[in-house]
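The file target-v5.tsv contains TSV, C-alpha atoms:
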```tsv
chain	number	residue	atom	x	y	z
E	103	MET	CA	46.14	44.00	20.34
E	104	GLU	CA	42.39	44.09	20.58
E	105	MET	CA	40.77	41.29	22.48
E	106	LYS	CA	38.20	39.32	20.48
E	107	ASP	CA	34.71	39.12	21.90
E	108	LYS	CA	34.36	35.45	22.80
E	109	THR	CA	30.70	35.85	23.63
E	110	LYS	CA	29.85	36.71	20.03
E	111	LYS	CA	27.74	33.92	18.56
E	112	THR	CA	28.46	32.52	15.13
E	113	PRO	CA	25.59	31.86	12.65
E	114	VAL	CA	26.10	28.10	13.06
E	115	ARG	CA	25.75	28.36	16.83
E	116	LYS	CA	22.64	30.52	16.50
E	117	SER	CA	20.98	27.95	14.21
E	118	GLN	CA	21.84	25.17	16.65
E	119	GLU	CA	20.31	27.11	19.52
E	120	LYS	CA	17.16	27.74	17.50
E	121	LYS	CA	16.84	24.03	16.80
E	122	SER	CA	17.32	23.19	20.47
E	123	ASP	CA	14.74	25.81	21.47
E	124	LYS	CA	12.23	24.34	19.02
E	125	TYR	CA	12.85	20.91	20.50
E	126	TYR	CA	12.45	21.94	24.14
E	127	TYR	CA	9.41	24.14	23.49
E	128	ALA	CA	7.70	21.64	21.18
E	129	SER	CA	4.36	20.17	22.22
E	130	GLN	CA	3.76	16.48	22.76
E	131	TRP	CA	2.13	16.12	19.33
E	132	GLN	CA	5.05	17.85	17.62
E	133	LEU	CA	7.51	15.51	19.30
E	134	MET	CA	5.41	12.51	18.28
E	135	GLY	CA	5.30	13.78	14.70
E	136	ARG	CA	9.11	14.09	14.57
E	137	LYS	CA	9.64	10.59	15.92
E	138	PHE	CA	7.03	9.12	13.60
E	139	ARG	CA	8.60	10.71	10.51
E	140	LYS	CA	11.92	9.05	11.41
E	141	HIS	CA	10.24	5.62	11.36
E	142	LYS	CA	10.66	4.77	7.66
E	143	LEU	CA	8.57	1.60	7.68
E	144	ALA	CA	5.69	3.39	9.39
E	145	MET	CA	5.86	6.26	6.89
E	146	ILE	CA	5.76	3.82	3.96
E	147	SER	CA	2.78	2.06	5.56
E	148	ALA	CA	0.98	5.36	6.06
E	149	PHE	CA	1.57	6.20	2.39
E	150	VAL	CA	0.21	2.81	1.30
E	151	LEU	CA	-2.90	3.25	3.46
E	152	MET	CA	-3.40	6.76	2.10
E	153	ILE	CA	-3.40	5.32	-1.44
E	154	PHE	CA	-5.82	2.55	-0.44
E	155	TYR	CA	-8.29	4.98	1.12
E	156	LEU	CA	-7.99	7.38	-1.81
E	157	ILE	CA	-8.81	4.51	-4.19
E	158	ALA	CA	-11.76	3.56	-1.99
E	159	ILE	CA	-13.11	7.14	-1.98
E	160	LEU	CA	-12.74	7.41	-5.78
E	161	GLY	CA	-13.77	3.79	-6.32
E	162	ASN	CA	-16.77	4.44	-8.55
E	163	PHE	CA	-14.61	6.58	-10.84
E	164	ILE	CA	-11.65	4.18	-10.94
E	165	ALA	CA	-13.70	0.98	-11.42
E	166	PRO	CA	-14.69	0.49	-15.09
E	167	GLN	CA	-17.85	-1.41	-14.11
E	168	GLY	CA	-20.41	-1.34	-11.31
E	169	THR	CA	-21.06	-4.08	-8.77
E	170	GLU	CA	-24.14	-5.36	-10.62
E	171	GLN	CA	-22.68	-5.39	-14.14
E	172	TYR	CA	-21.73	-8.74	-15.62
E	173	ASP	CA	-21.20	-10.41	-18.99
E	174	GLY	CA	-21.99	-14.11	-19.28
E	175	LYS	CA	-19.71	-14.41	-22.33
E	176	TYR	CA	-16.59	-13.87	-20.20
E	177	VAL	CA	-17.10	-16.21	-17.25
E	178	ASN	CA	-13.88	-17.08	-15.36
E	179	CYS	CA	-11.71	-15.06	-17.73
E	180	ALA	CA	-8.05	-14.74	-16.75
E	181	PRO	CA	-6.52	-11.25	-16.29
E	182	THR	CA	-5.92	-9.43	-19.56
E	183	PRO	CA	-2.41	-7.96	-19.82
E	184	VAL	CA	-1.98	-4.38	-21.02
E	185	HIS	CA	0.44	-3.91	-23.93
E	186	LEU	CA	2.24	-0.90	-25.38
E	187	PHE	CA	3.81	-2.37	-28.54
E	188	HIS	CA	2.27	-4.39	-31.38
E	189	GLU	CA	4.66	-6.16	-33.76
E	190	GLY	CA	7.50	-3.90	-32.63
E	191	LYS	CA	5.58	-0.65	-33.13
E	192	PHE	CA	4.49	1.61	-30.28
E	193	VAL	CA	0.71	1.79	-30.17
E	194	GLY	CA	0.04	3.06	-26.66
E	195	PRO	CA	-1.80	1.23	-23.89
E	196	PHE	CA	-4.10	-1.42	-25.36
E	197	VAL	CA	-5.38	-4.96	-24.84
E	198	TYR	CA	-5.96	-7.64	-27.40
E	199	GLY	CA	-9.39	-9.04	-28.10
E	200	LEU	CA	-10.46	-12.27	-26.40
E	201	LYS	CA	-11.39	-15.54	-28.01
E	202	MET	CA	-12.44	-18.78	-26.39
E	203	GLU	CA	-10.28	-21.87	-26.80
E	204	ARG	CA	-10.23	-25.34	-25.28
E	205	ASP	CA	-7.25	-26.83	-23.51
E	206	PRO	CA	-6.14	-29.99	-25.38
E	207	VAL	CA	-5.14	-31.72	-22.13
E	208	THR	CA	-7.90	-30.83	-19.65
E	209	TYR	CA	-10.57	-29.96	-22.27
E	210	MET	CA	-11.45	-26.91	-20.19
E	211	ALA	CA	-12.55	-23.77	-21.99
E	212	HIS	CA	-10.37	-20.70	-21.48
E	213	PHE	CA	-9.84	-17.31	-23.08
E	214	ALA	CA	-6.81	-16.46	-25.20
E	215	GLU	CA	-5.62	-13.23	-26.78
E	216	ASP	CA	-6.73	-12.48	-30.32
E	217	THR	CA	-3.65	-10.66	-31.64
E	218	GLU	CA	-5.51	-9.54	-34.75
E	219	LYS	CA	-7.86	-7.33	-32.72
E	220	ILE	CA	-6.40	-4.30	-30.92
E	221	CYS	CA	-8.56	-2.56	-28.30
E	222	ARG	CA	-7.05	0.75	-27.26
E	223	LEU	CA	-7.53	2.01	-23.74
E	224	ARG	CA	-9.38	5.30	-23.47
E	225	PHE	CA	-9.05	7.39	-20.32
E	226	PHE	CA	-11.63	9.65	-18.65
E	227	THR	CA	-14.41	8.32	-20.81
E	228	GLU	CA	-17.98	7.17	-20.29
E	229	GLY	CA	-18.40	3.66	-18.95
E	230	ASP	CA	-20.61	0.84	-20.11
E	231	GLU	CA	-24.34	0.86	-19.62
E	232	GLY	CA	-25.12	0.45	-15.95
E	233	GLY	CA	-21.91	2.13	-14.81
E	234	GLU	CA	-23.63	5.26	-13.56
E	235	TYR	CA	-22.80	6.52	-10.08
E	236	LYS	CA	-23.00	9.65	-7.95
E	237	TRP	CA	-20.06	11.66	-6.68
E	238	PHE	CA	-20.33	11.56	-2.88
E	239	GLY	CA	-23.94	10.45	-3.34
E	240	LEU	CA	-24.96	13.79	-4.87
E	241	ILE	CA	-23.66	14.48	-8.41
E	242	PRO	CA	-24.62	11.86	-11.05
E	243	SER	CA	-21.86	10.82	-13.45
E	244	ASN	CA	-20.81	8.04	-15.83
E	245	ILE	CA	-17.16	9.07	-16.31
E	246	HIS	CA	-14.63	6.35	-15.51
E	247	LEU	CA	-10.84	6.33	-15.40
E	248	PHE	CA	-10.35	3.94	-18.33
E	249	LYS	CA	-12.19	1.72	-20.77
E	250	ALA	CA	-11.23	-0.60	-23.63
E	251	GLU	CA	-12.39	0.65	-27.02
E	252	ASP	CA	-14.48	-2.03	-28.80
E	253	GLY	CA	-13.38	-4.68	-26.32
E	254	LYS	CA	-13.04	-5.78	-22.73
E	255	VAL	CA	-10.30	-5.16	-20.19
E	256	PHE	CA	-10.19	-7.32	-17.06
E	257	LEU	CA	-7.07	-6.36	-15.10
E	258	PHE	CA	-7.77	-8.95	-12.37
E	259	GLY	CA	-9.89	-11.34	-14.46
E	260	THR	CA	-13.57	-12.16	-13.92
E	261	ASP	CA	-15.57	-14.32	-11.51
E	262	ASN	CA	-18.01	-17.16	-12.15
E	263	MET	CA	-20.68	-14.70	-13.32
E	264	GLY	CA	-18.52	-12.67	-15.68
E	265	ARG	CA	-18.09	-9.69	-13.32
E	266	ASP	CA	-14.89	-7.66	-13.47
E	267	LEU	CA	-12.80	-8.58	-10.43
E	268	PHE	CA	-10.75	-5.35	-10.54
E	269	SER	CA	-13.91	-3.27	-10.26
E	270	ARG	CA	-15.20	-5.41	-7.42
E	271	VAL	CA	-11.89	-5.19	-5.53
E	272	VAL	CA	-11.84	-1.39	-5.84
E	273	LEU	CA	-15.50	-1.03	-4.82
E	274	GLY	CA	-15.10	-3.66	-2.10
E	275	ALA	CA	-12.43	-1.49	-0.49
E	276	GLN	CA	-15.16	1.01	0.37
E	277	ILE	CA	-16.70	-1.55	2.70
E	278	SER	CA	-13.64	-3.45	3.92
E	279	LEU	CA	-11.72	-0.28	4.83
E	280	PHE	CA	-14.50	1.93	6.18
E	281	ILE	CA	-16.43	-0.62	8.30
E	282	PRO	CA	-13.36	-1.10	10.56
E	283	VAL	CA	-12.93	2.68	10.90
E	284	ALA	CA	-16.59	3.16	11.80
E	285	GLY	CA	-16.38	0.22	14.22
E	286	MET	CA	-13.21	1.70	15.71
E	287	LEU	CA	-14.99	5.01	16.40
E	288	MET	CA	-17.86	3.22	18.16
E	289	THR	CA	-15.36	1.12	20.09
E	290	LEU	CA	-13.55	4.33	21.07
E	291	VAL	CA	-16.74	5.86	22.49
E	292	LEU	CA	-17.71	2.69	24.41
E	293	GLY	CA	-14.18	2.01	25.67
E	294	LEU	CA	-13.60	5.58	26.86
E	295	ALA	CA	-16.98	5.87	28.54
E	296	ILE	CA	-16.93	2.52	30.34
E	297	GLY	CA	-13.19	2.52	31.13
E	298	SER	CA	-13.27	6.06	32.54
E	299	LEU	CA	-16.19	5.19	34.84
E	300	ALA	CA	-14.34	2.15	36.17
E	301	GLY	CA	-11.02	3.96	36.65
E	302	TYR	CA	-12.35	7.23	38.07
E	303	PHE	CA	-14.97	6.02	40.56
E	304	GLY	CA	-13.49	2.61	41.44
E	305	GLY	CA	-15.19	0.60	44.20
E	306	TRP	CA	-18.29	-1.38	43.28
E	307	VAL	CA	-18.56	0.43	39.91
E	308	ASP	CA	-15.12	-0.86	38.94
E	309	THR	CA	-15.95	-4.36	40.22
E	310	VAL	CA	-19.17	-4.62	38.20
E	311	ILE	CA	-17.57	-3.31	35.01
E	312	GLN	CA	-14.60	-5.66	35.34
E	313	ARG	CA	-16.89	-8.67	35.72
E	314	ILE	CA	-18.83	-7.60	32.60
E	315	ILE	CA	-15.57	-7.24	30.67
E	316	GLU	CA	-14.44	-10.69	31.78
E	317	VAL	CA	-17.74	-12.24	30.66
E	318	VAL	CA	-17.54	-10.58	27.21
E	319	ARG	CA	-13.88	-11.53	26.75
E	320	SER	CA	-14.50	-15.13	27.78
E	321	PHE	CA	-16.57	-15.79	24.65
E	322	PRO	CA	-14.61	-17.01	21.61
E	323	GLN	CA	-14.51	-14.06	19.22
E	324	VAL	CA	-15.36	-15.71	15.90
E	325	PRO	CA	-18.31	-17.79	17.21
E	326	LEU	CA	-19.64	-14.65	18.93
E	327	TRP	CA	-19.40	-12.74	15.65
E	328	MET	CA	-21.20	-15.56	13.89
E	329	ALA	CA	-23.98	-15.69	16.49
E	330	LEU	CA	-24.57	-11.94	16.28
E	331	SER	CA	-24.39	-11.89	12.47
E	332	ALA	CA	-26.82	-14.80	12.16
E	333	ALA	CA	-29.48	-12.53	13.67
E	334	ILE	CA	-29.24	-10.14	10.67
E	335	PRO	CA	-32.24	-10.76	8.37
E	336	LYS	CA	-31.34	-11.61	4.77
E	337	THR	CA	-33.89	-9.13	3.49
E	338	MET	CA	-32.00	-6.13	4.85
E	339	LYS	CA	-30.46	-3.59	2.48
E	340	PRO	CA	-26.64	-3.40	2.21
E	341	ALA	CA	-26.56	-0.03	4.02
E	342	GLN	CA	-28.46	-1.50	6.97
E	343	VAL	CA	-26.19	-4.56	7.03
E	344	PHE	CA	-23.21	-2.18	6.98
E	345	MET	CA	-24.45	-0.41	10.12
E	346	LEU	CA	-25.29	-3.64	11.93
E	347	MET	CA	-21.88	-5.15	11.16
E	348	THR	CA	-20.25	-1.99	12.51
E	349	VAL	CA	-22.25	-2.33	15.74
E	350	ILE	CA	-21.38	-6.05	16.00
E	351	LEU	CA	-17.64	-5.46	15.59
E	352	SER	CA	-17.64	-2.60	18.11
E	353	LEU	CA	-19.67	-4.54	20.70
E	354	VAL	CA	-17.05	-7.29	20.69
E	355	SER	CA	-13.98	-5.02	20.59
E	356	TRP	CA	-14.60	-2.46	23.36
E	357	PRO	CA	-13.43	-4.47	26.44
E	358	GLY	CA	-9.74	-4.27	25.46
E	359	LEU	CA	-9.77	-0.49	25.17
E	360	ALA	CA	-11.87	-0.14	28.34
E	361	ARG	CA	-9.21	-1.94	30.37
E	362	VAL	CA	-6.44	0.25	28.93
E	363	VAL	CA	-8.41	3.40	29.79
E	364	ARG	CA	-9.16	2.10	33.30
E	365	SER	CA	-5.47	1.44	34.05
E	366	LYS	CA	-4.50	4.88	32.74
E	367	PHE	CA	-7.18	6.56	34.88
E	368	ILE	CA	-5.98	4.76	38.01
E	369	SER	CA	-2.42	6.00	37.47
E	370	VAL	CA	-3.31	9.52	36.29
E	371	LYS	CA	-5.83	10.44	38.99
E	372	LYS	CA	-3.05	10.47	41.61
E	373	GLU	CA	-0.99	13.04	39.69
E	374	ASP	CA	-0.49	16.53	41.13
E	375	PHE	CA	-2.29	18.40	38.33
E	376	ILE	CA	-5.40	16.24	38.80
E	377	MET	CA	-5.35	16.75	42.57
E	378	ALA	CA	-4.99	20.51	42.03
E	379	ALA	CA	-7.95	20.58	39.64
E	380	ARG	CA	-10.03	18.55	42.09
E	381	ILE	CA	-9.16	20.87	45.01
E	382	SER	CA	-10.10	23.89	42.91
E	383	GLY	CA	-13.61	22.47	42.61
E	384	ALA	CA	-13.60	21.12	39.03
E	385	PRO	CA	-16.54	18.73	38.49
E	386	ALA	CA	-15.98	15.09	37.53
E	387	ASP	CA	-16.96	15.49	33.86
E	388	LYS	CA	-14.45	18.31	33.33
E	389	LEU	CA	-11.72	16.40	35.17
E	390	ILE	CA	-12.26	13.44	32.85
E	391	THR	CA	-12.67	15.24	29.51
E	392	ARG	CA	-10.28	18.19	29.94
E	393	HIS	CA	-7.48	16.79	32.09
E	394	MET	CA	-7.36	13.01	32.36
E	395	ILE	CA	-8.20	11.79	28.85
E	396	PRO	CA	-5.95	14.35	27.04
E	397	SER	CA	-3.02	13.28	29.23
E	398	PHE	CA	-2.89	9.84	27.57
E	399	LEU	CA	-4.68	10.52	24.29
E	400	SER	CA	-1.61	9.50	22.28
E	401	TYR	CA	-1.76	6.01	23.76
E	402	ILE	CA	-5.45	5.73	22.87
E	403	ILE	CA	-4.69	6.64	19.26
E	404	VAL	CA	-1.97	4.00	19.12
E	405	ASP	CA	-4.29	1.39	20.64
E	406	MET	CA	-7.07	2.13	18.16
E	407	THR	CA	-4.64	2.05	15.23
E	408	MET	CA	-3.53	-1.41	16.32
E	409	ALA	CA	-7.18	-2.50	16.68
E	410	ILE	CA	-8.21	-1.66	13.10
E	411	PRO	CA	-6.42	-4.72	11.54
E	412	GLY	CA	-8.45	-7.01	13.80
E	413	LEU	CA	-11.66	-5.33	12.67
E	414	ILE	CA	-10.63	-5.70	9.00
E	415	ILE	CA	-10.05	-9.41	9.53
E	416	GLY	CA	-13.35	-9.64	11.42
E	417	GLU	CA	-15.35	-8.11	8.56
E	418	THR	CA	-13.52	-10.29	6.02
E	419	THR	CA	-14.16	-13.41	8.09
E	420	LEU	CA	-17.88	-12.73	8.48
E	421	SER	CA	-18.35	-11.94	4.80
E	422	PHE	CA	-16.28	-14.98	3.78
E	423	LEU	CA	-18.50	-17.21	5.93
E	424	GLY	CA	-21.62	-15.67	4.35
E	425	LEU	CA	-22.73	-14.05	7.62
E	426	GLY	CA	-21.86	-10.46	6.73
E	427	LEU	CA	-22.46	-8.62	3.51
E	428	ARG	CA	-24.10	-10.49	0.69
E	429	SER	CA	-24.04	-10.04	-3.07
E	430	PRO	CA	-24.65	-7.68	-4.86
E	431	ALA	CA	-22.92	-5.72	-2.05
E	432	THR	CA	-19.18	-6.17	-2.37
E	433	SER	CA	-16.34	-6.43	0.12
E	434	TRP	CA	-13.04	-8.27	0.09
E	435	GLY	CA	-14.55	-10.98	2.25
E	436	VAL	CA	-17.45	-11.44	-0.20
E	437	LEU	CA	-14.97	-11.77	-3.06
E	438	LEU	CA	-13.06	-14.47	-1.20
E	439	GLN	CA	-16.17	-16.65	-0.87
E	440	GLU	CA	-15.37	-18.27	-4.23
E	441	THR	CA	-11.93	-19.34	-3.00
E	442	ASN	CA	-13.33	-21.96	-0.61
E	443	LYS	CA	-13.30	-24.50	-3.44
E	444	LEU	CA	-10.21	-26.45	-4.51
E	445	GLU	CA	-11.23	-26.04	-8.14
E	446	THR	CA	-10.93	-22.27	-7.85
E	447	ILE	CA	-7.42	-22.40	-6.39
E	448	MET	CA	-6.23	-24.90	-9.02
E	449	PHE	CA	-7.68	-23.37	-12.20
E	450	TYR	CA	-8.77	-19.80	-11.32
E	451	ASN	CA	-6.07	-18.66	-8.91
E	452	TRP	CA	-6.52	-14.97	-9.87
E	453	LYS	CA	-9.59	-14.98	-7.61
E	454	LEU	CA	-7.16	-14.94	-4.66
E	455	ILE	CA	-6.11	-11.37	-5.55
E	456	PRO	CA	-8.45	-9.79	-2.91
E	457	MET	CA	-6.47	-11.69	-0.26
E	458	ILE	CA	-3.38	-9.67	-1.25
E	459	PHE	CA	-5.17	-6.41	-0.46
E	460	VAL	CA	-6.38	-7.74	2.91
E	461	PHE	CA	-2.81	-8.82	3.71
E	462	LEU	CA	-1.28	-5.48	2.67
E	463	SER	CA	-3.82	-3.34	4.53
E	464	VAL	CA	-3.49	-5.34	7.76
E	465	LEU	CA	0.29	-5.32	7.52
E	466	ALA	CA	0.37	-1.57	6.83
E	467	PHE	CA	-1.85	-0.82	9.84
E	468	ASN	CA	0.37	-2.97	12.07
E	469	PHE	CA	3.56	-1.25	10.93
E	470	MET	CA	1.99	2.20	11.27
E	471	GLY	CA	0.77	1.25	14.75
E	472	ASP	CA	4.31	0.22	15.70
E	473	GLY	CA	5.59	3.58	14.51
E	474	LEU	CA	2.95	5.45	16.49
E	475	ARG	CA	3.68	3.36	19.59
E	476	ASP	CA	7.40	4.17	19.37
E	477	ALA	CA	6.62	7.85	18.78
E	478	ALA	CA	4.30	8.01	21.80
E	479	ASP	CA	6.84	6.34	24.10
E	480	PRO	CA	8.66	9.13	26.02
E	481	TYR	CA	11.58	6.81	26.84
E	482	LYS	CA	12.56	6.26	23.19
```

Final structure tokens representation of the file:
Amino acid sequence: MEMKDKTKKTPVRKSQEKKSDKYYYASQWQLMGRKFRKHKLAMISAFVLMIFYLIAILGNFIAPQGTEQYDGKYVNCAPTPVHLFHEGKFVGPFVYGLKMERDPVTYMAHFAEDTEKICRLRFFTEGDEGGEYKWFGLIPSNIHLFKAEDGKVFLFGTDNMGRDLFSRVVLGAQISLFIPVAGMLMTLVLGLAIGSLAGYFGGWVDTVIQRIIEVVRSFPQVPLWMALSAAIPKTMKPAQVFMLMTVILSLVSWPGLARVVRSKFISVKKEDFIMAARISGAPADKLITRHMIPSFLSYIIVDMTMAIPGLIIGETTLSFLGLGLRSPATSWGVLLQETNKLETIMFYNWKLIPMIFVFLSVLAFNFMGDGLRDAADPYK
């Protein structure tokens, strides 16, 4: 009898070995990506944030009206539901016309559906007068995603000036989602620069920087925001206010990241590969930028992801208090200014809709940050 070759590898064994080789030869970022994709809640959160930012980028196209458009005939109008059937027949997406009525109990005027008037929804059509915009600030256009034919559609209702709340929520996302990102980038630069100086050189440099950090962190955050925002002149343009708010948020947020970077530098600079680079004559700037910072870059990304929700809440708080952006500029915090009255919560509760988007975006960033933190942890 012929002896079988036991060393011959089966196809299943070969595939297993290939998978193991890919695992052991994978880079740190590839391993993080695999762990992150296994975190279902983090993946869902990342998908939600991707949709939010896509809506913000395409906001002028998605919003049926601009920030300065209003109609005094439809003040404090409740959300208009979208229908598909009329008297049992399929018509397609449409809304009924609106007519004003008076509540027999409270005697308050409100809008009701006029079932005799059907306003079909048209897609990829020109918007109302004043709805012009520019794609990425360059190409002029007046094409919007949808519009009610011979009528009005207010998916989220209107405010006390007759402005479409859905349009303002979509356009407000451009400010409420991008100010925190811009502030995070400035915080990243300040935190890395100051924290690396303290951790690398140590001595009196570290002592001075630590005392400065303690002084900045000792101030209550919200009053400090308010004091800095109060210095913004009311005559400034929205773009200038945008930049100043970004600077304000980053000036308050950098100490936390600086301390994380400092602690990482203190632990990393004693490693063998850093000592070898130093003995070989590498200058300090190359040691910091090419060896030390890349060694814990994953932790910095996680830290900054977890910091964005705080910056979103900070921008919303300042705008809600009237110390940030001001009308006609729109953000979620500006939209929530009307909710500081009991009358609004009792009779016009649809004006609380922007709070839902603040809640969802903050929650999604927190869950995604948890996923990134677990993926960056080598012991999990």

Would you mind listing what lies within 12 Å of range 466-478 of chain E as a ChimeraX atom specification, with all atoms listed in the file counted and same-chain residues fewer than 3 positions away left out? /E:130-154,279,282-283,397-415,459-463,481-482

Out of E:Thr217, E:Ser352, E:Thr418, E:Thr227, which residue has the shortest atom-to-atom distance to Val291 in chain E when counting all atoms listed in the file?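 Once distances to Val291 in chain E are computed over all atoms listed in the file, the minimum belongs to E:Ser352.
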
Tell me which of E:Gly174, E:Pro166, E:Gly358, E:Pro396 sits closest to Met286 in chain E, counting all atoms listed in the file. E:Gly358

Go through E:Arg204, E:Lys372, E:Lys366, E:His212 one by one, measure the shortest atom-to-atom distance of each to Thr260 in chain E using only C-alpha atoms, and give the residue with the smallest value.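 Smallest distance to Thr260 in chain E is found for E:His212.
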
Could you tell me which of E:Leu299, E:Val197, E:Val310, E:Val317 comes closest to Asp387 in chain E if we count all atoms listed in the file?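 Residue with the minimum atom-to-atom distance to Asp387 in chain E: E:Leu299.
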